[in-house]
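Asker: One structure, as structure tokens, below. Some questions next.
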Number of protein chains: 4
Amino acid sequence: MEMTNYDLSTNVPTSFRNYATRCIGTGRLGLALRQEYLEQLAYVQKNIGFEFIRGHGLFAEDVGIYQEYEDDEGKIQVEYNFTYLDQIMDAYRRLKLKPFLELGFMPQKLGSGPESVFYWHGNITPPADENKWINLVQATLKHLLARYGEEVIDWPIEIWNEPNIDQFWKNSDMKAYFHLFKITFQAVRAVNTNFKVGGPAICGVDDERWLTEFIAFCEHEKLNINFITRHFYTVTSSKVIGHYRYPDLRDADESLKELQKSREIINRSEMFSKLPMAITEFNTSYSPDAPLHDTVQNAVYTAYLLSKMGETSDLYSYWTFGDVFEEKGIPFTPFHGGFGLVANGSIPKPTYWTFKFFSDLRGQCILKKQSIIVMREDNGRLIGITWNSGSVAKNIRLTIPQALGQATIVIQTVDQNCGNPLKVWHALGEPASLDLEMTQLLRRSAVPSVNTDISQQGQVTMTVQPNSLSFFQIQPDVSHSDRGFDYQKLI
Amino acid sequence: MEMTNYDLSTNVPTSFRNYATRCIGTGRLGLALRQEYLEQLAYVQKNIGFEFIRGHGLFAEDVGIYQEYEDDEGKIQVEYNFTYLDQIMDAYRRLKLKPFLELGFMPQKLGSGPESVFYWHGNITPPADENKWINLVQATLKHLLARYGEEVIDWPIEIWNEPNIDQFWKNSDMKAYFHLFKITFQAVRAVNTNFKVGGPAICGVDDERWLTEFIAFCEHEKLNINFITRHFYTVTSSKVIGHYRYPDLRDADESLKELQKSREIINRSEMFSKLPMAITEFNTSYSPDAPLHDTVQNAVYTAYLLSKMGETSDLYSYWTFGDVFEEKGIPFTPFHGGFGLVANGSIPKPTYWTFKFFSDLRGQCILKKQSIIVMREDNGRLIGITWNSGSVAKNIRLTIPQALGQATIVIQTVDQNCGNPLKVWHALGEPASLDLEMTQLLRRSAVPSVNTDISQQGQVTMTVQPNSLSFFQIQPDVSHSDRGFDYQKLI
Amino acid sequence: MEMTNYDLSTNVPTSFRNYATRCIGTGRLGLALRQEYLEQLAYVQKNIGFEFIRGHGLFAEDVGIYQEYEDDEGKIQVEYNFTYLDQIMDAYRRLKLKPFLELGFMPQKLGSGPESVFYWHGNITPPADENKWINLVQATLKHLLARYGEEVIDWPIEIWNEPNIDQFWKNSDMKAYFHLFKITFQAVRAVNTNFKVGGPAICGVDDERWLTEFIAFCEHEKLNINFITRHFYTVTSSKVIGHYRYPDLRDADESLKELQKSREIINRSEMFSKLPMAITEFNTSYSPDAPLHDTVQNAVYTAYLLSKMGETSDLYSYWTFGDVFEEKGIPFTPFHGGFGLVANGSIPKPTYWTFKFFSDLRGQCILKKQSIIVMREDNGRLIGITWNSGSVAKNIRLTIPQALGQATIVIQTVDQNCGNPLKVWHALGEPASLDLEMTQLLRRSAVPSVNTDISQQGQVTMTVQPNSLSFFQIQPDVSHSDRGFDYQKLI
Amino acid sequence: MEMTNYDLSTNVPTSFRNYATRCIGTGRLGLALRQEYLEQLAYVQKNIGFEFIRGHGLFAEDVGIYQEYEDDEGKIQVEYNFTYLDQIMDAYRRLKLKPFLELGFMPQKLGSGPESVFYWHGNITPPADENKWINLVQATLKHLLARYGEEVIDWPIEIWNEPNIDQFWKNSDMKAYFHLFKITFQAVRAVNTNFKVGGPAICGVDDERWLTEFIAFCEHEKLNINFITRHFYTVTSSKVIGHYRYPDLRDADESLKELQKSREIINRSEMFSKLPMAITEFNTSYSPDAPLHDTVQNAVYTAYLLSKMGETSDLYSYWTFGDVFEEKGIPFTPFHGGFGLVANGSIPKPTYWTFKFFSDLRGQCILKKQSIIVMREDNGRLIGITWNSGSVAKNIRLTIPQALGQATIVIQTVDQNCGNPLKVWHALGEPASLDLEMTQLLRRSAVPSVNTDISQQGQVTMTVQPNSLSFFQIQPDVSHSDRGFDYQKLI
């Protein structure tokens, strides 16, 4: 078996920008009225703790902000309804989340056409009346300022979603988008000049041209934006069968070049070279019906992404925290290839542990390689993550600082057998409706194994099985047994 | 490796009386005012669900029922305080538990001497004034009837605890106990003739003589008791080091003969031969400082006891549900050899899973052997428990009913590596104070592994590792995948 | 001031059928996925405790049971999705509610036309394909039976809603409804012959003719239904201004004649004269934008209805428990004339107390008059409700049984000043968005006043202010002060 | 009726130091393991929110830190047990409370004599071995630092409790206390020089001499203490009957002179004149069996104290938050004259509202008189508290700023009829055991009435009934009714 040696005895710092918990994606905002949604989000926040949350549908019909009525003279008048928006924002704040606002899609009655996206019909057309759009944006921001105070100024604002493909923006009309961007940007800044605004929220289709043109447009129009946004998915073609799709994963390094390229384009701008780049969506597949999302493979692949994305990006938002999500309709079964870190019933999927493990990294990075990261904490403890996306087991040998003495190691591992509820759900017959006993069994099957070891002559050796992900902590021999306690007598 | 074959294809019923969840022990009742106690009990009740709860200290100072004061003429008067008793009983009822009442120990001021037991000083002497004792017993029962209604009639009442040893009853004076029993029995029945009363609550010291004499006494005095009680512990000598004791386990079958003997003694009584025998306490060690309690070994040994005790006994109450328990003082560390199914922080110990697994048995027993029990549920599913207390692995091969087709098996296993938080706590350096991160890690390490398999040619084969305990469910090939879902594409 | 005397000293029983808590209405079932909805329902269930719940929208798009897809040969196929139905039913059962099932409206894709009702577009047309409708009904019931077991047999089933008006059933076509009723009835009974089925769920428009014809139809077709249902609202014309409507209340006795008439029609049927009559909806106004619902006047009027409806009806379901309700769209403010017993934020409205008070009635009725009901409990305590819908205060003098001695009275009162959060919300400036401080203040303002008194010479005198509702309890002089406690020293 | 006019139209600021929520007292720390205790504390923290908490018993037997054992050579050794201390501190921190540490009393085994105080036997003697005392103090602080980090440095430390009376310190021996103070002070500072330490925690007996001597001692010994502490109770003699005592209240202004005098003594010290003075306990009666504590009178009197104490003191800690308190034993009834702001069952007493109202004061004080305080918030709203401890009603007329226009007033009032659960409990027959219905009724009776009014010609007039306390908010005419909503149509 392959053996790789790393010498950690000298504690040389290395660079690692870990933004795994800065932002998380969500199904459309209106779903935040749902109990199951809020339970999943509470679970994720309690255990991982993201800072921002971003999703579509701020202006959708089920949030219901934009309303029209006929006045006594038969004239159409506009009024705003913030009842549900308040409930949604209140819920986020209770869970210690700040919104990363996406201004879109178009209220149906304000759209210039009937074109829409998703099962829930997000209208993707430019406004029929630009003033009404501007009023809507401004009224919404003013309401948020009135209710939540000055902190609203620091909620990032992104304009529209993926205008570079025609599913999300009619005809993927670049000029129309830039115009919308400009009037919206100006509307926002007219409310308060300190609002943080960015775009163009594009996905990876014709992205270089779009980004280049967007920057040129902002420079020309002197729109002093605060950040640049794009999305990042890493699959190629997909085979669709019934309710599901089975995509092929791209080579991760090949995929990551997209981000490097975007960063380079930004760097070339005189006006914006220092701006942060925010990946406001990323995942493997871009479709909520890809069972890949529920697998260990997804968790391992994502671990590598999390180790790398900070090299180019200042924020990256996994799409999404949970499986209450209706873009393709209502899922038929609890495991259905949704984007979520957790399945319905708050059952963590393997990729949940990828984020949990990265959220637990603390201290100074002292090793960052293709499949391992190690941090040193102030108290000398080493913690790290290692993964293996290959098909053969690998051995790792770490030479640890002398100060750790005879160190103990605790290793948490997610692989085919542990932390893999999909497998157990399959063995149960893939039930569409879970009863309490099944749910508890699935939760039990959804935790990593926890193993222990001790160092030998200043070295720690670990075997990393194929398709697995481990979090390890290497601590000094701290054992100071209570008077009379002797663990050796018990085994 | 040893291979044992069992043919389950014919579904022949066999007898198995499973009373694993009828009753559970608790630290002294006054501890039921504590939050940590109630959290542990809530955890156990939510997941296992016992029917009765029994503990010492109903009349202890911290429950505080019996109070004296000096009246204006300097005379000592008695008054009763039910404030805390109500809080305790309310808490049990909220958790769907009924008390198995133990009348004792003596209120300090009512005792005929200062002798006491435990860190919390339970007074073990006969009453200085028998009328005051009778009044106390009757006032307490009347209060319970007034507050909780007729259901109180069905709360079993046991008189005193282990009078056959002098730690618990001054001089282990048999005659004095029988007298106390008689006057107390009569006092209880005078409140309501339907109260269920039993004794003598003895442990395994000189137990045959005590039981024989007790029955003779009740027959002679025409005390128509409702059940006979005794205790059951299965260790011999213990080595004490510092705060801890390290006992030797007796052969389980040898131990169980104690219960057979007791049952035989009861059977010989003309008046009482049909009475139920209740084991109002049982465990391996009788001491709350035996780290054995926290081990997988304890869980495996207890599994065998649970498979056998119903053969002689109608109720058996594991001593105790949790680790809030102060008979030897306050524990110094979270794992300290306490009796609890769960450790402080509601971390399940291996023996918790023994009870969880037995509580999940349903249906008709079709196999009951030295290290395996199998039940058939109405829907055809087979569920079972198997364990291995030996030092070598064993193979089991089950021939299953044809109707199950290509069955899937889900196996939950507790062994040295899974469901064994003690090991991980040791690797963490045996910390006396747990922080949240440690507690979560320990909880994660405290769940069984969950593995899956499929049957081959109508047979299911399982390997049972040494010192392990497994719960398995064998279900028909029920897979009816959702349209387009193909698990094989994901592995 | 008027003084009315009642002599209760002789405890003569009188008849009072109190079904206040048998059933409660709800906004469309899909709303039961919402957290705010479930919080309001939990609040109501914890404090009042209804047995059944009934609402529209079982087959609506947001529950999403009925789904179609194109198969590989381009043929439309049907499939059922029970994901959300399970979540909804699970939630009801957790809150100890059983559904009173209303089969309707039509899934959009199954409708024979586009006609719909409400903001949420419930399709009101007959099925385009009767077999698909029958399959849908049967699949749904079979799924419920599989998941929830035999208890489902006792969930009442009502077919459609208010077919006698064309808002709810295309052209209010009686013949078409009767046909739908027949095929649906037969489909239900084909699943299980013990299902309880009823109709015609009509409102008070042309109701006598509909009821008469419906009974004749069932008799003729030998449909052995289990109960008869209708609705009951008590307002006449309404003035609509902006978002709100201001209806006029009918004389209550005049209104109640509708129910008597219905009962008489049923009584005349040879086949059905013994059947229960269920009022599956009732309220004052039938519109969720009538601020009347939020007033004390509504509470007082409803108290009278609750005192009378049992005379004709065996179940009556107030429409609705809470204010998460979208038939007219999303409310703009927390108080908006919704049907709910509680406003958003779980703030009880005056009518909540009407139900709370009626739910607290226990024992034997000994007085039932136009504005007072008194019950005697087994322990001798008298409890009652009195109300005053007039504009002048009234005095009541009760002569109480001697056995009560010097009785104490505790009176809880809802009137303009107490239990009237609408008034305080108005004083706060009618805010659309409540902050926590406002919500707490409104909750504080939403409880009845609690006053105390003592009887004088065997008589209790109460003043009932105009537009008020009181719950009183008259208890024997039970004071047995604790040793040394003297309340008189404190006032 | 008396009418007092106040002109608030000019908004002249006045000084008001409002420290009502800086600190709160508690029963002995060991009680913080109890569920009822924690529920009451959670209730108080959620609604009022104190910053620090102070109580006795850090070193008491039930916290159990100090332990002794005999080693193998028969020598007594000391060990420390922090299991319960951690549970207690964890609980406080979860409730966002920081401990105000009181070092005392003496562990029984460390005491130089058996003398003790309270039902729970706090040992009041100097240490038998000063080194062991010093080690105990240092080990405890080091443990807290290790577990909770640097924030521990800011937890104030007070040495002992009321050494000036012999109930709490053997012989009230001043010299012995000063010696204890010195060695303890030095032990604390030896752990970390930044710890904040103070004393002498005296009550009002011979207090001037004690304070003067204490300051002289610290100056002479160069103990650079951080604050001065004393206690403050305001009753004279008490009549004791049975379980209860009925004290007489002193004139409040007369009482407050004690604090002025203490402040003056401190001011005279060259070394300490700038030090804060902390009132680490205050209440009316100093005994937990004075029904006065449960009355409206207590609430009104305390309101005046809260309006005045900031004039001399920098912290004042009401003794205590709740009624789980055992200094005189276990209470027999839910209302029993305990110190608590809330009674058992989390039923708020009148004095709870005094603290709730003072905690809601925000903004700039613009009026502070004998029975009224008014603050102006940034948004122009006026809020205030007014009270009447006399026996006749008073009228208050406030001239408000023109900017408020036609202002609305919301007034919350606690008086004999509202917010007075004691009265309702009495009417229920003073039950010792509350059932759920009684508890809910008592809670309902325990909230203030909420009334509304509007200003007339720029003036607000309020009638303050005898023995009452009101919180009022005067807000600009902010009503902007939703489209079509007309409150006038509803009344």
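We label chains A, B, ... in the order they appear in the structure tokens, count residues from 1 in each chain, and number ligands from 1 in the order shown.
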I need the residues of region 214-293 of chain A that end up classed as alpha helix (DSSP H) by DSSP on the backbone, written out as a PyMOL selection string.
Answerer: chain A and resi 214-221+252-268
Asker: Considering only C-alpha atoms, return as a list of chain:residue names whatever protein or nucleic-acid residues lie within 6 Å of Thr280 (chain B), sequence-local ones (same chain, fewer than 6 positions apart) excluded.
Answerer: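 Returned residues: B:His231, B:Tyr316, B:Ser317.
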Asker: Those same residues, written as an mmCIF file, in the first residue's frame with N, CA, C and O atoms?
Answerer:
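Contents of selection-v1.cif, freshly written:
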data_model
loop_
_atom_site.group_PDB
_atom_site.id
_atom_site.type_symbol
_atom_site.label_atom_id
_atom_site.label_comp_id
_atom_site.auth_asym_id
_atom_site.auth_seq_id
_atom_site.Cartn_x
_atom_site.Cartn_y
_atom_site.Cartn_z
ATOM 1 N N HIS B 231 -33.542 -8.928 45.301
ATOM 2 C CA HIS B 231 -32.556 -8.268 44.448
ATOM 3 C C HIS B 231 -31.607 -9.292 43.868
ATOM 4 O O HIS B 231 -31.580 -10.443 44.312
ATOM 5 N N TYR B 316 -38.232 -7.172 36.508
ATOM 6 C CA TYR B 316 -36.843 -7.038 36.958
ATOM 7 C C TYR B 316 -36.383 -5.638 36.588
ATOM 8 O O TYR B 316 -36.559 -5.181 35.474
ATOM 9 N N SER B 317 -35.807 -4.971 37.540
ATOM 10 C CA SER B 317 -35.568 -3.539 37.449
ATOM 11 C C SER B 317 -34.073 -3.276 37.493
ATOM 12 O O SER B 317 -33.440 -3.413 38.545
#
Asker: Kindly provide the residues of chain A that approach chain D to within 12 Å, each paired with its closest atom pair and their distance in Å to one decimal, based on only C-alpha atoms, listed by chain and increasing number, as a tab-separated table.
Answerer:
residue	atom	partner	partner_atom	distance
A:Tyr69	CA	D:Arg483	CA	10.9
A:Asp71	CA	D:Arg483	CA	10.8
A:Gln77	CA	D:Arg483	CA	11.9
A:Val78	CA	D:Arg483	CA	11.9
A:Glu79	CA	D:Arg483	CA	9.6
A:Tyr80	CA	D:Asp482	CA	11.1
A:Asn81	CA	D:Asp482	CA	10.6
A:Asp482	CA	D:Glu79	CA	10.4
A:Arg483	CA	D:Glu79	CA	9.6
A:Gly484	CA	D:Asp71	CA	11.6
Asker: Atoms to include: all heavy atoms. Write the selected residues as a PDB file, in the first residue's frame.
Answerer:
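The result, stored in result.pdb:
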ATOM      1  N   TYR A  69     -53.828  46.359  -6.684  1.00  0.00           N
ATOM      2  CA  TYR A  69     -55.288  46.376  -6.528  1.00  0.00           C
ATOM      3  C   TYR A  69     -55.848  47.505  -7.386  1.00  0.00           C
ATOM      4  O   TYR A  69     -55.120  48.413  -7.782  1.00  0.00           O
ATOM      5  CB  TYR A  69     -55.681  46.562  -5.063  1.00  0.00           C
ATOM      6  CG  TYR A  69     -55.314  47.907  -4.487  1.00  0.00           C
ATOM      7  CD1 TYR A  69     -56.240  48.938  -4.419  1.00  0.00           C
ATOM      8  CD2 TYR A  69     -54.025  48.141  -4.004  1.00  0.00           C
ATOM      9  CE1 TYR A  69     -55.899  50.168  -3.900  1.00  0.00           C
ATOM     10  CE2 TYR A  69     -53.681  49.374  -3.479  1.00  0.00           C
ATOM     11  CZ  TYR A  69     -54.618  50.389  -3.427  1.00  0.00           C
ATOM     12  OH  TYR A  69     -54.270  51.607  -2.927  1.00  0.00           O
ATOM     13  N   ASP A  71     -58.096  50.712  -7.655  1.00  0.00           N
ATOM     14  CA  ASP A  71     -58.688  51.697  -6.746  1.00  0.00           C
ATOM     15  C   ASP A  71     -60.109  52.047  -7.193  1.00  0.00           C
ATOM     16  O   ASP A  71     -60.635  51.478  -8.149  1.00  0.00           O
ATOM     17  CB  ASP A  71     -57.787  52.930  -6.608  1.00  0.00           C
ATOM     18  CG  ASP A  71     -57.696  53.732  -7.887  1.00  0.00           C
ATOM     19  OD1 ASP A  71     -58.527  53.509  -8.805  1.00  0.00           O
ATOM     20  OD2 ASP A  71     -56.809  54.588  -7.988  1.00  0.00           O
ATOM     21  N   GLN A  77     -53.253  50.111  -8.584  1.00  0.00           N
ATOM     22  CA  GLN A  77     -52.328  50.676  -7.607  1.00  0.00           C
ATOM     23  C   GLN A  77     -51.443  49.561  -7.053  1.00  0.00           C
ATOM     24  O   GLN A  77     -51.835  48.400  -7.047  1.00  0.00           O
ATOM     25  CB  GLN A  77     -53.093  51.320  -6.444  1.00  0.00           C
ATOM     26  CG  GLN A  77     -54.029  52.438  -6.861  1.00  0.00           C
ATOM     27  CD  GLN A  77     -53.270  53.708  -7.236  1.00  0.00           C
ATOM     28  OE1 GLN A  77     -52.051  53.783  -7.121  1.00  0.00           O
ATOM     29  NE2 GLN A  77     -54.017  54.697  -7.731  1.00  0.00           N
ATOM     30  N   VAL A  78     -50.289  49.955  -6.567  1.00  0.00           N
ATOM     31  CA  VAL A  78     -49.347  48.986  -5.983  1.00  0.00           C
ATOM     32  C   VAL A  78     -49.351  49.129  -4.468  1.00  0.00           C
ATOM     33  O   VAL A  78     -49.458  50.239  -3.949  1.00  0.00           O
ATOM     34  CB  VAL A  78     -47.932  49.243  -6.534  1.00  0.00           C
ATOM     35  CG1 VAL A  78     -46.909  48.360  -5.815  1.00  0.00           C
ATOM     36  CG2 VAL A  78     -47.901  48.989  -8.036  1.00  0.00           C
ATOM     37  N   GLU A  79     -49.261  47.998  -3.769  1.00  0.00           N
ATOM     38  CA  GLU A  79     -49.006  48.064  -2.322  1.00  0.00           C
ATOM     39  C   GLU A  79     -48.060  46.923  -1.969  1.00  0.00           C
ATOM     40  O   GLU A  79     -47.943  45.952  -2.711  1.00  0.00           O
ATOM     41  CB  GLU A  79     -50.311  48.006  -1.513  1.00  0.00           C
ATOM     42  CG  GLU A  79     -51.136  46.768  -1.736  1.00  0.00           C
ATOM     43  CD  GLU A  79     -52.535  46.865  -1.082  1.00  0.00           C
ATOM     44  OE1 GLU A  79     -52.790  47.780  -0.300  1.00  0.00           O
ATOM     45  OE2 GLU A  79     -53.365  45.987  -1.399  1.00  0.00           O
ATOM     46  N   TYR A  80     -47.394  47.077  -0.855  1.00  0.00           N
ATOM     47  CA  TYR A  80     -46.390  46.079  -0.461  1.00  0.00           C
ATOM     48  C   TYR A  80     -46.845  45.349   0.792  1.00  0.00           C
ATOM     49  O   TYR A  80     -47.405  45.950   1.706  1.00  0.00           O
ATOM     50  CB  TYR A  80     -45.036  46.756  -0.212  1.00  0.00           C
ATOM     51  CG  TYR A  80     -44.585  47.579  -1.386  1.00  0.00           C
ATOM     52  CD1 TYR A  80     -44.487  48.968  -1.294  1.00  0.00           C
ATOM     53  CD2 TYR A  80     -44.295  46.965  -2.604  1.00  0.00           C
ATOM     54  CE1 TYR A  80     -44.091  49.734  -2.386  1.00  0.00           C
ATOM     55  CE2 TYR A  80     -43.902  47.728  -3.713  1.00  0.00           C
ATOM     56  CZ  TYR A  80     -43.807  49.108  -3.596  1.00  0.00           C
ATOM     57  OH  TYR A  80     -43.430  49.845  -4.677  1.00  0.00           O
ATOM     58  N   ASN A  81     -46.580  44.065   0.807  1.00  0.00           N
ATOM     59  CA  ASN A  81     -46.961  43.240   1.950  1.00  0.00           C
ATOM     60  C   ASN A  81     -45.696  42.589   2.510  1.00  0.00           C
ATOM     61  O   ASN A  81     -45.094  41.723   1.872  1.00  0.00           O
ATOM     62  CB  ASN A  81     -47.968  42.172   1.478  1.00  0.00           C
ATOM     63  CG  ASN A  81     -48.534  41.371   2.632  1.00  0.00           C
ATOM     64  OD1 ASN A  81     -47.817  41.019   3.562  1.00  0.00           O
ATOM     65  ND2 ASN A  81     -49.817  41.089   2.577  1.00  0.00           N
ATOM     66  N   ASP A 482      -8.197   9.760  37.176  1.00  0.00           N
ATOM     67  CA  ASP A 482      -8.728  10.004  38.507  1.00  0.00           C
ATOM     68  C   ASP A 482      -8.168   8.936  39.457  1.00  0.00           C
ATOM     69  O   ASP A 482      -7.825   7.821  39.040  1.00  0.00           O
ATOM     70  CB  ASP A 482     -10.261   9.936  38.446  1.00  0.00           C
ATOM     71  CG  ASP A 482     -10.881  10.421  39.731  1.00  0.00           C
ATOM     72  OD1 ASP A 482     -10.373  11.401  40.315  1.00  0.00           O
ATOM     73  OD2 ASP A 482     -11.873   9.797  40.159  1.00  0.00           O
ATOM     74  N   ARG A 483      -8.087   9.275  40.725  1.00  0.00           N
ATOM     75  CA  ARG A 483      -7.469   8.397  41.723  1.00  0.00           C
ATOM     76  C   ARG A 483      -8.055   6.982  41.705  1.00  0.00           C
ATOM     77  O   ARG A 483      -9.219   6.786  42.042  1.00  0.00           O
ATOM     78  CB  ARG A 483      -7.658   9.017  43.117  1.00  0.00           C
ATOM     79  CG  ARG A 483      -6.894   8.296  44.223  1.00  0.00           C
ATOM     80  CD  ARG A 483      -6.760   9.155  45.466  1.00  0.00           C
ATOM     81  NE  ARG A 483      -8.066   9.555  45.987  1.00  0.00           N
ATOM     82  CZ  ARG A 483      -8.787   8.834  46.852  1.00  0.00           C
ATOM     83  NH1 ARG A 483      -8.317   7.677  47.296  1.00  0.00           N
ATOM     84  NH2 ARG A 483      -9.957   9.268  47.265  1.00  0.00           N
ATOM     85  N   GLY A 484      -7.283   6.059  41.257  1.00  0.00           N
ATOM     86  CA  GLY A 484      -7.702   4.665  41.259  1.00  0.00           C
ATOM     87  C   GLY A 484      -8.266   4.177  39.937  1.00  0.00           C
ATOM     88  O   GLY A 484      -8.474   2.978  39.765  1.00  0.00           O
TER      89      GLY A 484
END
Asker: Using only C-alpha atoms, which residues sit within 8 Å of region 361-369 of chain C once same-chain residues fewer than 6 positions away are excluded, as a list in words?
Answerer: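 The residues satisfying every condition are Leu8, Asn11, Val12, Pro13, Thr14, Ser15, Phe16, Ser307, Met375, Arg376, Glu377, Asp378, Ile383 and Gly384 of chain C.
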Asker: Residues within 10 Å of Gln87 (chain B), please, as a list of chain:residue names. Count only C-alpha atoms; anything in the same chain fewer than 2 positions from it doesn't count.
Answerer: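 Here the answer would be B:Gly30, B:Ala32, B:Leu33, B:Val63, B:Phe82, B:Thr83, B:Tyr84, B:Leu85, B:Met89, B:Asp90, B:Ala91, B:Tyr92, D:Gln35, D:Glu36, D:Ser433.
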Asker: Which residue, D:Arg189, D:His293, D:Arg443, D:Lys175, has the smallest gap to Glu213 (chain D) when you use only C-alpha atoms?
Answerer: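 Ranked by minimum distance to Glu213 (chain D), first place goes to D:Lys175.
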Asker: Nearest residue to Asp62 (chain B) out of B:Trp120, B:Trp169, B:Tyr301, B:Tyr6, using only C-alpha atoms?
Answerer: B:Trp120
Asker: With only C-alpha atoms as the counted atoms, please give the residues lying no more than 7 Å from Asn467 (chain D), apart from itself and same-chain residues fewer than 3 positions off, as a PyMOL selection string.
Answerer: chain D and resi 296-297+300+388-391+415
Asker: Name the residues of region 196-409 of chain D that fall into strand (DSSP E or B) according to DSSP on the backbone, using the chain letters and numbers of this document, as an MDAnalysis selection string.
Answerer: chainID D and resid 197:202 227:233 235:241 244:249 277:283 315:318 322 342:343 347:348 364:369 372:376 382:388 394:399 408:409
Asker: With distances taken over only C-alpha atoms, which of D:Met309, D:Ala60, D:Leu469, D:Lys356 is nearest to Glu437 (chain C)?
Answerer: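 Of D:Met309, D:Ala60, D:Leu469, D:Lys356, the one nearest Glu437 (chain C), counting only C-alpha atoms, is D:Lys356.
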Asker: Could you list, as a list in words, every residue within 9 Å of Gln475 (chain D), counting only C-alpha atoms and ignoring same-chain residues fewer than 3 positions away?
Answerer: Ala427, Leu428 and Gly429 of chain C; Gly380, Arg381, Leu382, Ile383, Leu404, Gly405, Gln406, Ala407, Thr408, Ile409, Val410 and Val478 of chain D
Asker: Go ahead and compute the interatomic distance for CA of Glu61 (chain A) and CA of Glu430 (chain C), in Å to one decimal.
Answerer: 25.1 Å
Asker: Report as a list in words all protein, DNA and RNA residues lying within 10 Å of Tyr487 (chain C), evaluated on only C-alpha atoms, omitting residues in the same chain fewer than 5 positions from it.
Answerer: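 The contact residues come out as Ser481 of chain C; Pro291, Leu422, Lys423, His426 and Glu430 of chain D.
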Asker: Rank nothing, just name the residue among A:Ser238, A:Thr125, A:Ser479, A:Gln186 nearest to Lys222 (chain A), using only C-alpha atoms.
Answerer: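 Checking each candidate against Lys222 (chain A), we get A:Gln186 as the closest.
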